[in-house]
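Structure first, then comments.
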Amino acid sequence: SGNYSKAASSGNASTAASSGDSGIAASIGNNGTVRAGPNGLLICTWFDESAKRYRACVGEVGIDGIKADTDYVVRDGKLVKA
């Protein structure tokens, strides 16, 4: 927690959350959840069955409707509210 904090977790259904300003939250695995504070960065991976590979979704708080202090997951290749 705190400004510029980083949080990372790995494994299926893992959760990563950072609080404070300009933090980064990254969940590496499948079906993960991410959350960051104002001006934060979200990184969440998911397994693309059709391509048989992992892919990453990246979102920035304040851009494209991504809100601070809100949990997000990947659905259909996009970050959506959990």
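Following the order of the structure tokens, chains are lettered A, B, ..., residues in each are numbered from 1, and ligands are numbered from 1.
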
What residues in segment 6-66 of chain A get the DSSP label strand (DSSP E)? Please answer as a PDB file with all heavy atoms, in the first residue's frame.
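Printed below is part25.pdb as written:
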ATOM      1  N   LYS A   6       3.674  -1.575  -5.433  1.00  0.00           N
ATOM      2  CA  LYS A   6       3.543  -2.638  -6.422  1.00  0.00           C
ATOM      3  C   LYS A   6       3.012  -3.879  -5.732  1.00  0.00           C
ATOM      4  O   LYS A   6       3.416  -4.194  -4.626  1.00  0.00           O
ATOM      5  CB  LYS A   6       4.900  -2.989  -7.058  1.00  0.00           C
ATOM      6  CG  LYS A   6       5.344  -2.024  -8.132  1.00  0.00           C
ATOM      7  CD  LYS A   6       5.937  -0.828  -7.509  1.00  0.00           C
ATOM      8  CE  LYS A   6       6.554   0.105  -8.551  1.00  0.00           C
ATOM      9  NZ  LYS A   6       6.713   1.440  -8.000  1.00  0.00           N
ATOM     10  N   ALA A   7       2.091  -4.573  -6.407  1.00  0.00           N
ATOM     11  CA  ALA A   7       1.576  -5.830  -5.887  1.00  0.00           C
ATOM     12  C   ALA A   7       1.528  -6.815  -7.040  1.00  0.00           C
ATOM     13  O   ALA A   7       1.062  -6.479  -8.128  1.00  0.00           O
ATOM     14  CB  ALA A   7       0.184  -5.643  -5.297  1.00  0.00           C
ATOM     15  N   ALA A   8       2.009  -8.023  -6.811  1.00  0.00           N
ATOM     16  CA  ALA A   8       1.977  -9.045  -7.846  1.00  0.00           C
ATOM     17  C   ALA A   8       1.638 -10.382  -7.217  1.00  0.00           C
ATOM     18  O   ALA A   8       2.017 -10.656  -6.082  1.00  0.00           O
ATOM     19  CB  ALA A   8       3.327  -9.136  -8.551  1.00  0.00           C
ATOM     20  N   SER A   9       0.899 -11.190  -7.948  1.00  0.00           N
ATOM     21  CA  SER A   9       0.585 -12.533  -7.489  1.00  0.00           C
ATOM     22  C   SER A   9       0.532 -13.439  -8.706  1.00  0.00           C
ATOM     23  O   SER A   9       0.326 -12.983  -9.828  1.00  0.00           O
ATOM     24  CB  SER A   9      -0.742 -12.558  -6.721  1.00  0.00           C
ATOM     25  OG  SER A   9      -1.804 -12.171  -7.558  1.00  0.00           O
ATOM     26  N   SER A  10       0.736 -14.731  -8.480  1.00  0.00           N
ATOM     27  CA  SER A  10       0.699 -15.667  -9.593  1.00  0.00           C
ATOM     28  C   SER A  10      -0.120 -16.887  -9.215  1.00  0.00           C
ATOM     29  O   SER A  10      -0.360 -17.147  -8.054  1.00  0.00           O
ATOM     30  CB  SER A  10       2.119 -16.065  -9.997  1.00  0.00           C
ATOM     31  OG  SER A  10       2.748 -16.738  -8.945  1.00  0.00           O
ATOM     32  N   THR A  15      -5.086 -12.914  -6.739  1.00  0.00           N
ATOM     33  CA  THR A  15      -5.548 -11.537  -6.574  1.00  0.00           C
ATOM     34  C   THR A  15      -4.361 -10.646  -6.257  1.00  0.00           C
ATOM     35  O   THR A  15      -3.526 -10.991  -5.424  1.00  0.00           O
ATOM     36  CB  THR A  15      -6.569 -11.446  -5.425  1.00  0.00           C
ATOM     37  OG1 THR A  15      -7.687 -12.272  -5.748  1.00  0.00           O
ATOM     38  CG2 THR A  15      -7.043 -10.022  -5.222  1.00  0.00           C
ATOM     39  N   ALA A  16      -4.312  -9.472  -6.916  1.00  0.00           N
ATOM     40  CA  ALA A  16      -3.281  -8.482  -6.625  1.00  0.00           C
ATOM     41  C   ALA A  16      -3.953  -7.129  -6.481  1.00  0.00           C
ATOM     42  O   ALA A  16      -4.775  -6.750  -7.314  1.00  0.00           O
ATOM     43  CB  ALA A  16      -2.239  -8.435  -7.731  1.00  0.00           C
ATOM     44  N   ALA A  17      -3.623  -6.403  -5.419  1.00  0.00           N
ATOM     45  CA  ALA A  17      -4.208  -5.082  -5.199  1.00  0.00           C
ATOM     46  C   ALA A  17      -3.152  -4.150  -4.642  1.00  0.00           C
ATOM     47  O   ALA A  17      -2.406  -4.517  -3.741  1.00  0.00           O
ATOM     48  CB  ALA A  17      -5.383  -5.180  -4.228  1.00  0.00           C
ATOM     49  N   ILE A  24       0.926  -0.265  -9.023  1.00  0.00           N
ATOM     50  CA  ILE A  24       0.781  -1.281 -10.060  1.00  0.00           C
ATOM     51  C   ILE A  24       0.284  -2.568  -9.412  1.00  0.00           C
ATOM     52  O   ILE A  24       0.811  -2.996  -8.390  1.00  0.00           O
ATOM     53  CB  ILE A  24       2.118  -1.561 -10.766  1.00  0.00           C
ATOM     54  CG1 ILE A  24       2.656  -0.307 -11.428  1.00  0.00           C
ATOM     55  CG2 ILE A  24       1.955  -2.691 -11.793  1.00  0.00           C
ATOM     56  CD1 ILE A  24       4.071  -0.459 -11.944  1.00  0.00           C
ATOM     57  N   ALA A  25      -0.731  -3.179 -10.023  1.00  0.00           N
ATOM     58  CA  ALA A  25      -1.223  -4.480  -9.572  1.00  0.00           C
ATOM     59  C   ALA A  25      -1.161  -5.442 -10.751  1.00  0.00           C
ATOM     60  O   ALA A  25      -1.678  -5.135 -11.831  1.00  0.00           O
ATOM     61  CB  ALA A  25      -2.651  -4.378  -9.057  1.00  0.00           C
ATOM     62  N   ALA A  26      -0.517  -6.606 -10.551  1.00  0.00           N
ATOM     63  CA  ALA A  26      -0.379  -7.593 -11.620  1.00  0.00           C
ATOM     64  C   ALA A  26      -0.756  -8.974 -11.112  1.00  0.00           C
ATOM     65  O   ALA A  26      -0.233  -9.424 -10.098  1.00  0.00           O
ATOM     66  CB  ALA A  26       1.049  -7.607 -12.147  1.00  0.00           C
ATOM     67  N   SER A  27      -1.664  -9.631 -11.821  1.00  0.00           N
ATOM     68  CA  SER A  27      -2.052 -10.999 -11.514  1.00  0.00           C
ATOM     69  C   SER A  27      -1.659 -11.860 -12.708  1.00  0.00           C
ATOM     70  O   SER A  27      -2.139 -11.647 -13.825  1.00  0.00           O
ATOM     71  CB  SER A  27      -3.559 -11.081 -11.271  1.00  0.00           C
ATOM     72  OG  SER A  27      -3.953 -12.420 -11.118  1.00  0.00           O
ATOM     73  N   ILE A  28      -0.768 -12.825 -12.455  1.00  0.00           N
ATOM     74  CA  ILE A  28      -0.248 -13.669 -13.522  1.00  0.00           C
ATOM     75  C   ILE A  28      -0.791 -15.081 -13.324  1.00  0.00           C
ATOM     76  O   ILE A  28      -0.494 -15.729 -12.332  1.00  0.00           O
ATOM     77  CB  ILE A  28       1.297 -13.685 -13.506  1.00  0.00           C
ATOM     78  CG1 ILE A  28       1.862 -12.260 -13.466  1.00  0.00           C
ATOM     79  CG2 ILE A  28       1.837 -14.468 -14.688  1.00  0.00           C
ATOM     80  CD1 ILE A  28       1.425 -11.356 -14.582  1.00  0.00           C
ATOM     81  N   THR A  33      -7.685 -11.471 -10.420  1.00  0.00           N
ATOM     82  CA  THR A  33      -8.353 -10.206 -10.121  1.00  0.00           C
ATOM     83  C   THR A  33      -7.298  -9.160  -9.794  1.00  0.00           C
ATOM     84  O   THR A  33      -6.322  -9.463  -9.107  1.00  0.00           O
ATOM     85  CB  THR A  33      -9.289 -10.372  -8.899  1.00  0.00           C
ATOM     86  OG1 THR A  33     -10.220 -11.428  -9.170  1.00  0.00           O
ATOM     87  CG2 THR A  33     -10.053  -9.098  -8.607  1.00  0.00           C
ATOM     88  N   VAL A  34      -7.503  -7.931 -10.289  1.00  0.00           N
ATOM     89  CA  VAL A  34      -6.567  -6.835 -10.019  1.00  0.00           C
ATOM     90  C   VAL A  34      -7.324  -5.587  -9.580  1.00  0.00           C
ATOM     91  O   VAL A  34      -8.474  -5.381  -9.958  1.00  0.00           O
ATOM     92  CB  VAL A  34      -5.688  -6.514 -11.252  1.00  0.00           C
ATOM     93  CG1 VAL A  34      -4.687  -7.610 -11.505  1.00  0.00           C
ATOM     94  CG2 VAL A  34      -6.524  -6.271 -12.490  1.00  0.00           C
ATOM     95  N   ARG A  35      -6.634  -4.752  -8.759  1.00  0.00           N
ATOM     96  CA  ARG A  35      -7.219  -3.492  -8.287  1.00  0.00           C
ATOM     97  C   ARG A  35      -6.077  -2.524  -7.987  1.00  0.00           C
ATOM     98  O   ARG A  35      -5.056  -2.910  -7.411  1.00  0.00           O
ATOM     99  CB  ARG A  35      -8.027  -3.721  -7.019  1.00  0.00           C
ATOM    100  CG  ARG A  35      -8.588  -2.461  -6.409  1.00  0.00           C
ATOM    101  CD  ARG A  35      -9.310  -2.733  -5.108  1.00  0.00           C
ATOM    102  NE  ARG A  35      -8.570  -3.775  -4.402  1.00  0.00           N
ATOM    103  CZ  ARG A  35      -9.022  -4.448  -3.363  1.00  0.00           C
ATOM    104  NH1 ARG A  35     -10.185  -4.212  -2.861  1.00  0.00           N
ATOM    105  NH2 ARG A  35      -8.286  -5.369  -2.789  1.00  0.00           N
ATOM    106  N   LEU A  41      -1.883   1.239 -12.515  1.00  0.00           N
ATOM    107  CA  LEU A  41      -1.766   0.384 -13.689  1.00  0.00           C
ATOM    108  C   LEU A  41      -2.210  -1.027 -13.307  1.00  0.00           C
ATOM    109  O   LEU A  41      -1.816  -1.546 -12.259  1.00  0.00           O
ATOM    110  CB  LEU A  41      -0.308   0.351 -14.168  1.00  0.00           C
ATOM    111  CG  LEU A  41       0.000  -0.523 -15.383  1.00  0.00           C
ATOM    112  CD1 LEU A  41      -0.644   0.066 -16.629  1.00  0.00           C
ATOM    113  CD2 LEU A  41       1.499  -0.650 -15.569  1.00  0.00           C
ATOM    114  N   LEU A  42      -3.032  -1.649 -14.153  1.00  0.00           N
ATOM    115  CA  LEU A  42      -3.531  -3.010 -13.935  1.00  0.00           C
ATOM    116  C   LEU A  42      -2.984  -3.925 -15.026  1.00  0.00           C
ATOM    117  O   LEU A  42      -3.026  -3.580 -16.205  1.00  0.00           O
ATOM    118  CB  LEU A  42      -5.059  -3.041 -14.003  1.00  0.00           C
ATOM    119  CG  LEU A  42      -5.814  -2.081 -13.089  1.00  0.00           C
ATOM    120  CD1 LEU A  42      -7.301  -2.137 -13.403  1.00  0.00           C
ATOM    121  CD2 LEU A  42      -5.552  -2.425 -11.652  1.00  0.00           C
ATOM    122  N   ILE A  43      -2.486  -5.091 -14.612  1.00  0.00           N
ATOM    123  CA  ILE A  43      -2.022  -6.105 -15.560  1.00  0.00           C
ATOM    124  C   ILE A  43      -2.629  -7.435 -15.127  1.00  0.00           C
ATOM    125  O   ILE A  43      -2.443  -7.861 -13.991  1.00  0.00           O
ATOM    126  CB  ILE A  43      -0.488  -6.220 -15.563  1.00  0.00           C
ATOM    127  CG1 ILE A  43       0.151  -4.864 -15.858  1.00  0.00           C
ATOM    128  CG2 ILE A  43      -0.039  -7.285 -16.562  1.00  0.00           C
ATOM    129  CD1 ILE A  43       1.629  -4.809 -15.546  1.00  0.00           C
ATOM    130  N   CYS A  44      -3.357  -8.061 -16.034  1.00  0.00           N
ATOM    131  CA  CYS A  44      -4.018  -9.323 -15.699  1.00  0.00           C
ATOM    132  C   CYS A  44      -3.901 -10.263 -16.895  1.00  0.00           C
ATOM    133  O   CYS A  44      -4.255  -9.893 -18.018  1.00  0.00           O
ATOM    134  CB  CYS A  44      -5.490  -9.058 -15.362  1.00  0.00           C
ATOM    135  SG  CYS A  44      -6.319 -10.423 -14.542  1.00  0.00           S
ATOM    136  N   THR A  45      -3.368 -11.465 -16.661  1.00  0.00           N
ATOM    137  CA  THR A  45      -3.233 -12.418 -17.752  1.00  0.00           C
ATOM    138  C   THR A  45      -4.426 -13.369 -17.782  1.00  0.00           C
ATOM    139  O   THR A  45      -5.137 -13.543 -16.798  1.00  0.00           O
ATOM    140  CB  THR A  45      -1.928 -13.226 -17.640  1.00  0.00           C
ATOM    141  OG1 THR A  45      -1.964 -14.030 -16.476  1.00  0.00           O
ATOM    142  CG2 THR A  45      -0.714 -12.302 -17.625  1.00  0.00           C
ATOM    143  N   TRP A  46      -4.614 -13.985 -18.935  1.00  0.00           N
ATOM    144  CA  TRP A  46      -5.685 -14.958 -19.133  1.00  0.00           C
ATOM    145  C   TRP A  46      -5.238 -15.954 -20.196  1.00  0.00           C
ATOM    146  O   TRP A  46      -4.359 -15.666 -20.999  1.00  0.00           O
ATOM    147  CB  TRP A  46      -6.992 -14.272 -19.527  1.00  0.00           C
ATOM    148  CG  TRP A  46      -6.901 -13.452 -20.782  1.00  0.00           C
ATOM    149  CD1 TRP A  46      -6.322 -12.220 -20.912  1.00  0.00           C
ATOM    150  CD2 TRP A  46      -7.385 -13.799 -22.069  1.00  0.00           C
ATOM    151  NE1 TRP A  46      -6.407 -11.792 -22.204  1.00  0.00           N
ATOM    152  CE2 TRP A  46      -7.068 -12.732 -22.954  1.00  0.00           C
ATOM    153  CE3 TRP A  46      -8.052 -14.893 -22.584  1.00  0.00           C
ATOM    154  CZ2 TRP A  46      -7.408 -12.741 -24.288  1.00  0.00           C
ATOM    155  CZ3 TRP A  46      -8.390 -14.898 -23.931  1.00  0.00           C
ATOM    156  CH2 TRP A  46      -8.079 -13.826 -24.762  1.00  0.00           C
ATOM    157  N   PHE A  47      -5.799 -17.152 -20.130  1.00  0.00           N
ATOM    158  CA  PHE A  47      -5.434 -18.187 -21.093  1.00  0.00           C
ATOM    159  C   PHE A  47      -6.419 -18.164 -22.250  1.00  0.00           C
ATOM    160  O   PHE A  47      -7.617 -18.331 -22.072  1.00  0.00           O
ATOM    161  CB  PHE A  47      -5.408 -19.570 -20.444  1.00  0.00           C
ATOM    162  CG  PHE A  47      -4.783 -20.598 -21.324  1.00  0.00           C
ATOM    163  CD1 PHE A  47      -3.405 -20.650 -21.460  1.00  0.00           C
ATOM    164  CD2 PHE A  47      -5.557 -21.492 -22.038  1.00  0.00           C
ATOM    165  CE1 PHE A  47      -2.810 -21.588 -22.302  1.00  0.00           C
ATOM    166  CE2 PHE A  47      -4.983 -22.433 -22.866  1.00  0.00           C
ATOM    167  CZ  PHE A  47      -3.604 -22.482 -22.998  1.00  0.00           C
ATOM    168  N   ASP A  48      -5.896 -17.940 -23.439  1.00  0.00           N
ATOM    169  CA  ASP A  48      -6.686 -17.902 -24.664  1.00  0.00           C
ATOM    170  C   ASP A  48      -6.752 -19.329 -25.212  1.00  0.00           C
ATOM    171  O   ASP A  48      -5.775 -19.835 -25.780  1.00  0.00           O
ATOM    172  CB  ASP A  48      -6.017 -16.956 -25.654  1.00  0.00           C
ATOM    173  CG  ASP A  48      -6.789 -16.792 -26.948  1.00  0.00           C
ATOM    174  OD1 ASP A  48      -7.652 -17.642 -27.264  1.00  0.00           O
ATOM    175  OD2 ASP A  48      -6.508 -15.814 -27.662  1.00  0.00           O
ATOM    176  N   ARG A  53      -2.460 -20.181 -25.612  1.00  0.00           N
ATOM    177  CA  ARG A  53      -1.386 -19.385 -25.024  1.00  0.00           C
ATOM    178  C   ARG A  53      -1.962 -18.356 -24.056  1.00  0.00           C
ATOM    179  O   ARG A  53      -3.136 -18.031 -24.104  1.00  0.00           O
ATOM    180  CB  ARG A  53      -0.590 -18.677 -26.111  1.00  0.00           C
ATOM    181  CG  ARG A  53      -1.412 -17.627 -26.853  1.00  0.00           C
ATOM    182  CD  ARG A  53      -0.665 -16.906 -27.950  1.00  0.00           C
ATOM    183  NE  ARG A  53       0.426 -16.156 -27.384  1.00  0.00           N
ATOM    184  CZ  ARG A  53       1.501 -15.786 -28.048  1.00  0.00           C
ATOM    185  NH1 ARG A  53       1.631 -16.095 -29.313  1.00  0.00           N
ATOM    186  NH2 ARG A  53       2.446 -15.108 -27.466  1.00  0.00           N
ATOM    187  N   TYR A  54      -1.084 -17.878 -23.158  1.00  0.00           N
ATOM    188  CA  TYR A  54      -1.475 -16.801 -22.254  1.00  0.00           C
ATOM    189  C   TYR A  54      -1.389 -15.466 -22.974  1.00  0.00           C
ATOM    190  O   TYR A  54      -0.541 -15.275 -23.851  1.00  0.00           O
ATOM    191  CB  TYR A  54      -0.562 -16.761 -21.016  1.00  0.00           C
ATOM    192  CG  TYR A  54      -1.000 -17.724 -19.956  1.00  0.00           C
ATOM    193  CD1 TYR A  54      -0.435 -18.987 -19.870  1.00  0.00           C
ATOM    194  CD2 TYR A  54      -2.001 -17.382 -19.063  1.00  0.00           C
ATOM    195  CE1 TYR A  54      -0.850 -19.884 -18.905  1.00  0.00           C
ATOM    196  CE2 TYR A  54      -2.423 -18.272 -18.090  1.00  0.00           C
ATOM    197  CZ  TYR A  54      -1.851 -19.521 -18.014  1.00  0.00           C
ATOM    198  OH  TYR A  54      -2.273 -20.407 -17.067  1.00  0.00           O
ATOM    199  N   ARG A  55      -2.268 -14.575 -22.596  1.00  0.00           N
ATOM    200  CA  ARG A  55      -2.281 -13.206 -23.106  1.00  0.00           C
ATOM    201  C   ARG A  55      -2.412 -12.276 -21.903  1.00  0.00           C
ATOM    202  O   ARG A  55      -2.789 -12.707 -20.824  1.00  0.00           O
ATOM    203  CB  ARG A  55      -3.435 -12.999 -24.059  1.00  0.00           C
ATOM    204  CG  ARG A  55      -3.345 -13.909 -25.279  1.00  0.00           C
ATOM    205  CD  ARG A  55      -4.266 -13.430 -26.357  1.00  0.00           C
ATOM    206  NE  ARG A  55      -4.292 -14.326 -27.484  1.00  0.00           N
ATOM    207  CZ  ARG A  55      -3.538 -14.197 -28.562  1.00  0.00           C
ATOM    208  NH1 ARG A  55      -2.693 -13.204 -28.653  1.00  0.00           N
ATOM    209  NH2 ARG A  55      -3.637 -15.050 -29.555  1.00  0.00           N
ATOM    210  N   ALA A  56      -2.110 -11.006 -22.117  1.00  0.00           N
ATOM    211  CA  ALA A  56      -2.180 -10.030 -21.028  1.00  0.00           C
ATOM    212  C   ALA A  56      -3.107  -8.877 -21.393  1.00  0.00           C
ATOM    213  O   ALA A  56      -3.107  -8.405 -22.525  1.00  0.00           O
ATOM    214  CB  ALA A  56      -0.795  -9.491 -20.716  1.00  0.00           C
ATOM    215  N   CYS A  57      -3.882  -8.455 -20.414  1.00  0.00           N
ATOM    216  CA  CYS A  57      -4.684  -7.239 -20.527  1.00  0.00           C
ATOM    217  C   CYS A  57      -4.052  -6.197 -19.621  1.00  0.00           C
ATOM    218  O   CYS A  57      -3.694  -6.503 -18.481  1.00  0.00           O
ATOM    219  CB  CYS A  57      -6.122  -7.483 -20.062  1.00  0.00           C
ATOM    220  SG  CYS A  57      -7.113  -8.353 -21.252  1.00  0.00           S
ATOM    221  N   VAL A  58      -3.922  -4.997 -20.139  1.00  0.00           N
ATOM    222  CA  VAL A  58      -3.353  -3.903 -19.365  1.00  0.00           C
ATOM    223  C   VAL A  58      -4.355  -2.764 -19.359  1.00  0.00           C
ATOM    224  O   VAL A  58      -4.923  -2.421 -20.393  1.00  0.00           O
ATOM    225  CB  VAL A  58      -2.015  -3.432 -19.989  1.00  0.00           C
ATOM    226  CG1 VAL A  58      -1.451  -2.247 -19.237  1.00  0.00           C
ATOM    227  CG2 VAL A  58      -1.012  -4.579 -20.015  1.00  0.00           C
ATOM    228  N   GLY A  59      -4.588  -2.197 -18.194  1.00  0.00           N
ATOM    229  CA  GLY A  59      -5.488  -1.056 -18.069  1.00  0.00           C
ATOM    230  C   GLY A  59      -4.882   0.006 -17.178  1.00  0.00           C
ATOM    231  O   GLY A  59      -4.079  -0.299 -16.293  1.00  0.00           O
ATOM    232  N   GLU A  60      -5.244   1.246 -17.449  1.00  0.00           N
ATOM    233  CA  GLU A  60      -4.760   2.373 -16.664  1.00  0.00           C
ATOM    234  C   GLU A  60      -5.950   3.048 -15.989  1.00  0.00           C
ATOM    235  O   GLU A  60      -6.928   3.384 -16.659  1.00  0.00           O
ATOM    236  CB  GLU A  60      -4.036   3.367 -17.558  1.00  0.00           C
ATOM    237  CG  GLU A  60      -2.812   2.775 -18.238  1.00  0.00           C
ATOM    238  CD  GLU A  60      -2.203   3.732 -19.228  1.00  0.00           C
ATOM    239  OE1 GLU A  60      -1.607   4.735 -18.784  1.00  0.00           O
ATOM    240  OE2 GLU A  60      -2.345   3.479 -20.435  1.00  0.00           O
TER     241      GLU A  60
END

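Among A:Ser18, A:Ala51, A:Ser5, A:Gly32, the residue with the shortest atom-to-atom distance to Arg75 of chain A, counting only C-alpha atoms, is A:Gly32.
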
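Of the listed residues A:Ser50, A:Asn31, A:Ala82, A:Ala68, the one whose atoms come nearest to Gly11 of chain A is A:Asn31, with distances taken using only C-alpha atoms.
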
Any idea what's packed within 8 Å of Asn39 of chain A, counting only C-alpha atoms, ignoring anything in its chain fewer than 4 positions away? Could you give it as number ranges by chain?
A: 21-23, 60-62, 68

Write the residues you've just listed into a file as a JSON list (two decimals), in the first residue's frame, and include all heavy atoms for each of them.
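Now in selection.json:
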[["chain", "number", "residue", "atom", "x", "y", "z"],
["A", 21, "ASP", "N", -1.52, 6.25, -4.67],
["A", 21, "ASP", "CA", -1.46, 6.85, -5.99],
["A", 21, "ASP", "C", -0.36, 6.20, -6.83],
["A", 21, "ASP", "O", 0.73, 5.92, -6.33],
["A", 21, "ASP", "CB", -1.19, 8.35, -5.83],
["A", 21, "ASP", "CG", -1.45, 9.14, -7.09],
["A", 21, "ASP", "OD1", -2.39, 8.81, -7.83],
["A", 21, "ASP", "OD2", -0.68, 10.09, -7.36],
["A", 22, "SER", "N", -0.66, 5.95, -8.09],
["A", 22, "SER", "CA", 0.31, 5.48, -9.09],
["A", 22, "SER", "C", 0.91, 4.11, -8.78],
["A", 22, "SER", "O", 2.06, 3.85, -9.10],
["A", 22, "SER", "CB", 1.44, 6.50, -9.26],
["A", 22, "SER", "OG", 0.91, 7.73, -9.69],
["A", 23, "GLY", "N", 0.12, 3.21, -8.20],
["A", 23, "GLY", "CA", 0.59, 1.85, -7.93],
["A", 23, "GLY", "C", 0.36, 0.93, -9.11],
["A", 23, "GLY", "O", -0.31, 1.27, -10.08],
["A", 60, "GLU", "N", -5.24, 1.25, -17.45],
["A", 60, "GLU", "CA", -4.76, 2.37, -16.66],
["A", 60, "GLU", "C", -5.95, 3.05, -15.99],
["A", 60, "GLU", "O", -6.93, 3.38, -16.66],
["A", 60, "GLU", "CB", -4.04, 3.37, -17.56],
["A", 60, "GLU", "CG", -2.81, 2.78, -18.24],
["A", 60, "GLU", "CD", -2.20, 3.73, -19.23],
["A", 60, "GLU", "OE1", -1.61, 4.74, -18.78],
["A", 60, "GLU", "OE2", -2.35, 3.48, -20.44],
["A", 61, "VAL", "N", -5.86, 3.21, -14.68],
["A", 61, "VAL", "CA", -6.94, 3.86, -13.94],
["A", 61, "VAL", "C", -7.12, 5.27, -14.50],
["A", 61, "VAL", "O", -6.16, 6.00, -14.69],
["A", 61, "VAL", "CB", -6.64, 3.89, -12.42],
["A", 61, "VAL", "CG1", -7.70, 4.70, -11.69],
["A", 61, "VAL", "CG2", -6.56, 2.47, -11.87],
["A", 62, "GLY", "N", -8.38, 5.61, -14.79],
["A", 62, "GLY", "CA", -8.70, 6.92, -15.34],
["A", 62, "GLY", "C", -8.79, 6.94, -16.85],
["A", 62, "GLY", "O", -9.14, 7.96, -17.44],
["A", 68, "ALA", "N", -10.58, 3.66, -10.07],
["A", 68, "ALA", "CA", -9.71, 3.38, -8.93],
["A", 68, "ALA", "C", -10.42, 2.53, -7.89],
["A", 68, "ALA", "O", -11.66, 2.58, -7.77],
["A", 68, "ALA", "CB", -9.24, 4.68, -8.29]]

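The residue that comes closest to Ser1 of chain A, out of A:Gly65, A:Gly40, A:Gly77, A:Gly29 and on the basis of only C-alpha atoms, is A:Gly40.
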
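Taking atom CA of Lys67 of chain A as the reference point, atom CA of Asn12 of chain A is found at 23.6 Å.
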